[in-house]
Amino acid sequence: MSEFAAALAHHKAGRRQQAKHAYEALIAKEPGHIDALHHLALIHVEEGDLARGIALLRETVARQPDFSVAWLNLGLALGRAGEFQDATAAFERVTELAPDQAEPHRRLADALSRQGRLAEAADAYGAAI
């Protein structure tokens with residue numbers, strides 16, 4: 001089993017601390033390991049450390065701009081932090097990368113709606129269907 005697979009197994013089993021340490025060790029050994037960076041960010045978000053999770057997600061998408069799932073998770077984390085304008089930008093990027101997927105359009109619509117941009121939200125909801 002690879003180091004990433006072992007870290008992911010800890011993560012999926014709810015052993016966040018073991019997963020966090022395993023992701024951090026892997027990143028120390030392989031700084032360019034995008035999946036480890038992404039999943040480490042998710043642990044921080046899951047634990048409520050939104051600032052750290054968002055920073056790591058921003059780093060993830062900066063390193064791999066076409067990583068649609070990371071953009072989606074960045075948008076979700078930003079929304080959780082109440083940063084709806086930035087969440088909107090992240091969701092817009094996901095809809096560009098994955099235009100046929102409904103969830104990014106729905107998340108975009110939700111973020112737009114929270115900003116009172118109802119006409120744009122309606123369009124995004126329409127694209128989700």
# chains A, B, ... in the order shown; residues from 1 in each chain; ligands from 1
>>> residues_around(residues="Ala62 in chain A", least_positions_apart="4", cutoff="12 Å", atoms="only C-alpha atoms", output="PyMOL selection string")
chain A and resi 32+34+37-38+55-58+66-68+70-71+74+90
>>> residues_around(residues="Ala111 in chain A", least_positions_apart="5", cutoff="9 Å", atoms="only C-alpha atoms", output="list in words")
Gly75, Gly79, Phe84, Gln85, Ala87, Thr88, Phe91, Arg106, Gly116, Arg117 and Ala121 of chain A
>>> residues_around(residues="Ala128 in chain A", least_positions_apart="3", cutoff="12 Å", atoms="only C-alpha atoms", output="list in words")
Thr95, Ala98, Pro99, Asp100, Gln101, Ala102, Glu103, Pro104, His105, Arg106, Arg107, Leu108, Ala109, Asp110, Ala121, Ala122, Asp123, Ala124 and Tyr125 of chain A
>>> write_last_selection(atoms="C-alpha atoms", output="mmCIF file, in the first residue's frame")
data_model
loop_
_atom_site.group_PDB
_atom_site.id
_atom_site.type_symbol
_atom_site.label_atom_id
_atom_site.label_comp_id
_atom_site.auth_asym_id
_atom_site.auth_seq_id
_atom_site.Cartn_x
_atom_site.Cartn_y
_atom_site.Cartn_z
ATOM 1 C CA THR A 95 -18.496 25.193 -13.763
ATOM 2 C CA ALA A 98 -16.894 20.620 -15.351
ATOM 3 C CA PRO A 99 -19.805 22.266 -17.182
ATOM 4 C CA ASP A 100 -21.882 19.080 -17.333
ATOM 5 C CA GLN A 101 -21.886 18.441 -13.582
ATOM 6 C CA ALA A 102 -24.948 19.672 -11.706
ATOM 7 C CA GLU A 103 -23.476 20.131 -8.232
ATOM 8 C CA PRO A 104 -21.114 23.007 -9.102
ATOM 9 C CA HIS A 105 -23.971 24.892 -10.772
ATOM 10 C CA ARG A 106 -26.190 24.347 -7.733
ATOM 11 C CA ARG A 107 -23.443 25.462 -5.355
ATOM 12 C CA LEU A 108 -22.850 28.523 -7.534
ATOM 13 C CA ALA A 109 -26.551 29.312 -7.439
ATOM 14 C CA ASP A 110 -26.610 28.997 -3.649
ATOM 15 C CA ALA A 121 -28.798 32.421 -9.134
ATOM 16 C CA ALA A 122 -31.874 31.431 -11.159
ATOM 17 C CA ASP A 123 -29.710 30.990 -14.248
ATOM 18 C CA ALA A 124 -27.239 28.847 -12.310
ATOM 19 C CA TYR A 125 -30.075 26.738 -10.858
#
>>> residues_around(residues="His44 in chain A", least_positions_apart="3", cutoff="12 Å", atoms="only C-alpha atoms", output="list of chain:residue names")
A:His11, A:Arg16, A:Gln17, A:Ala19, A:Lys20, A:His21, A:Tyr23, A:Glu24, A:Leu37, A:His38, A:His39, A:Leu40, A:Ala41, A:Glu47, A:Gly48, A:Asp49, A:Leu50, A:Ala51, A:Arg52, A:Gly53, A:Ile54, A:Ala55, A:Leu56, A:Leu57, A:Asn73, A:Leu74, A:Ala77
>>> decode(residues="range 46-129 of chain A", atoms="C-alpha atoms", output="compact mmCIF listing (two decimals), in the first residue's frame")
# COMPACT_ATOMS: atom_id res chain seq x y z
CA GLU A 46 -13.47 19.07 8.72
CA GLU A 47 -11.88 20.05 12.04
CA GLY A 48 -13.19 23.60 11.72
CA ASP A 49 -9.82 25.20 11.00
CA LEU A 50 -11.26 26.99 7.98
CA ALA A 51 -8.44 29.51 7.62
CA ARG A 52 -5.78 26.79 7.33
CA GLY A 53 -7.98 24.58 5.15
CA ILE A 54 -8.76 27.46 2.78
CA ALA A 55 -5.08 28.41 2.58
CA LEU A 56 -4.14 24.83 1.67
CA LEU A 57 -6.97 24.58 -0.87
CA ARG A 58 -5.82 27.86 -2.45
CA GLU A 59 -2.32 26.41 -2.66
CA THR A 60 -3.72 23.23 -4.22
CA VAL A 61 -5.57 25.06 -7.01
CA ALA A 62 -2.63 27.41 -7.57
CA ARG A 63 -0.42 24.39 -8.18
CA GLN A 64 -3.02 22.54 -10.26
CA PRO A 65 -5.50 25.03 -11.75
CA ASP A 66 -7.57 22.37 -13.51
CA PHE A 67 -8.30 20.34 -10.33
CA SER A 68 -12.08 20.76 -10.35
CA VAL A 69 -12.74 18.85 -7.12
CA ALA A 70 -10.29 21.07 -5.25
CA TRP A 71 -12.03 24.17 -6.65
CA LEU A 72 -15.36 22.75 -5.49
CA ASN A 73 -13.99 22.07 -2.01
CA LEU A 74 -12.46 25.55 -1.91
CA GLY A 75 -15.85 27.04 -2.73
CA LEU A 76 -17.52 24.96 -0.04
CA ALA A 77 -14.95 26.00 2.57
CA LEU A 78 -15.22 29.64 1.59
CA GLY A 79 -19.00 29.44 1.83
CA ARG A 80 -18.71 27.90 5.28
CA ALA A 81 -16.49 30.84 6.23
CA GLY A 82 -19.12 33.28 4.94
CA GLU A 83 -16.88 34.44 2.09
CA PHE A 84 -19.59 34.21 -0.55
CA GLN A 85 -17.91 36.39 -3.21
CA ASP A 86 -14.79 34.23 -3.17
CA ALA A 87 -16.93 31.09 -3.01
CA THR A 88 -18.79 32.32 -6.09
CA ALA A 89 -15.51 32.74 -7.96
CA ALA A 90 -14.43 29.22 -7.00
CA PHE A 91 -17.76 27.72 -8.09
CA GLU A 92 -17.61 29.65 -11.36
CA ARG A 93 -14.22 28.07 -12.01
CA VAL A 94 -15.65 24.60 -11.32
CA THR A 95 -18.50 25.19 -13.76
CA GLU A 96 -15.90 26.11 -16.40
CA LEU A 97 -13.89 22.95 -15.71
CA ALA A 98 -16.89 20.62 -15.35
CA PRO A 99 -19.81 22.27 -17.18
CA ASP A 100 -21.88 19.08 -17.33
CA GLN A 101 -21.89 18.44 -13.58
CA ALA A 102 -24.95 19.67 -11.71
CA GLU A 103 -23.48 20.13 -8.23
CA PRO A 104 -21.11 23.01 -9.10
CA HIS A 105 -23.97 24.89 -10.77
CA ARG A 106 -26.19 24.35 -7.73
CA ARG A 107 -23.44 25.46 -5.35
CA LEU A 108 -22.85 28.52 -7.53
CA ALA A 109 -26.55 29.31 -7.44
CA ASP A 110 -26.61 29.00 -3.65
CA ALA A 111 -23.64 31.37 -3.29
CA LEU A 112 -25.20 33.88 -5.68
CA SER A 113 -28.50 33.68 -3.83
CA ARG A 114 -26.78 34.39 -0.50
CA GLN A 115 -25.45 37.59 -2.07
CA GLY A 116 -28.89 38.65 -3.29
CA ARG A 117 -27.94 38.07 -6.92
CA LEU A 118 -31.20 36.28 -7.59
CA ALA A 119 -31.40 36.53 -11.39
CA GLU A 120 -27.91 35.06 -11.73
CA ALA A 121 -28.80 32.42 -9.13
CA ALA A 122 -31.87 31.43 -11.16
CA ASP A 123 -29.71 30.99 -14.25
CA ALA A 124 -27.24 28.85 -12.31
CA TYR A 125 -30.07 26.74 -10.86
CA GLY A 126 -31.36 26.29 -14.41
CA ALA A 127 -27.94 25.08 -15.54
CA ALA A 128 -27.95 22.54 -12.71
CA ILE A 129 -31.03 20.80 -14.06
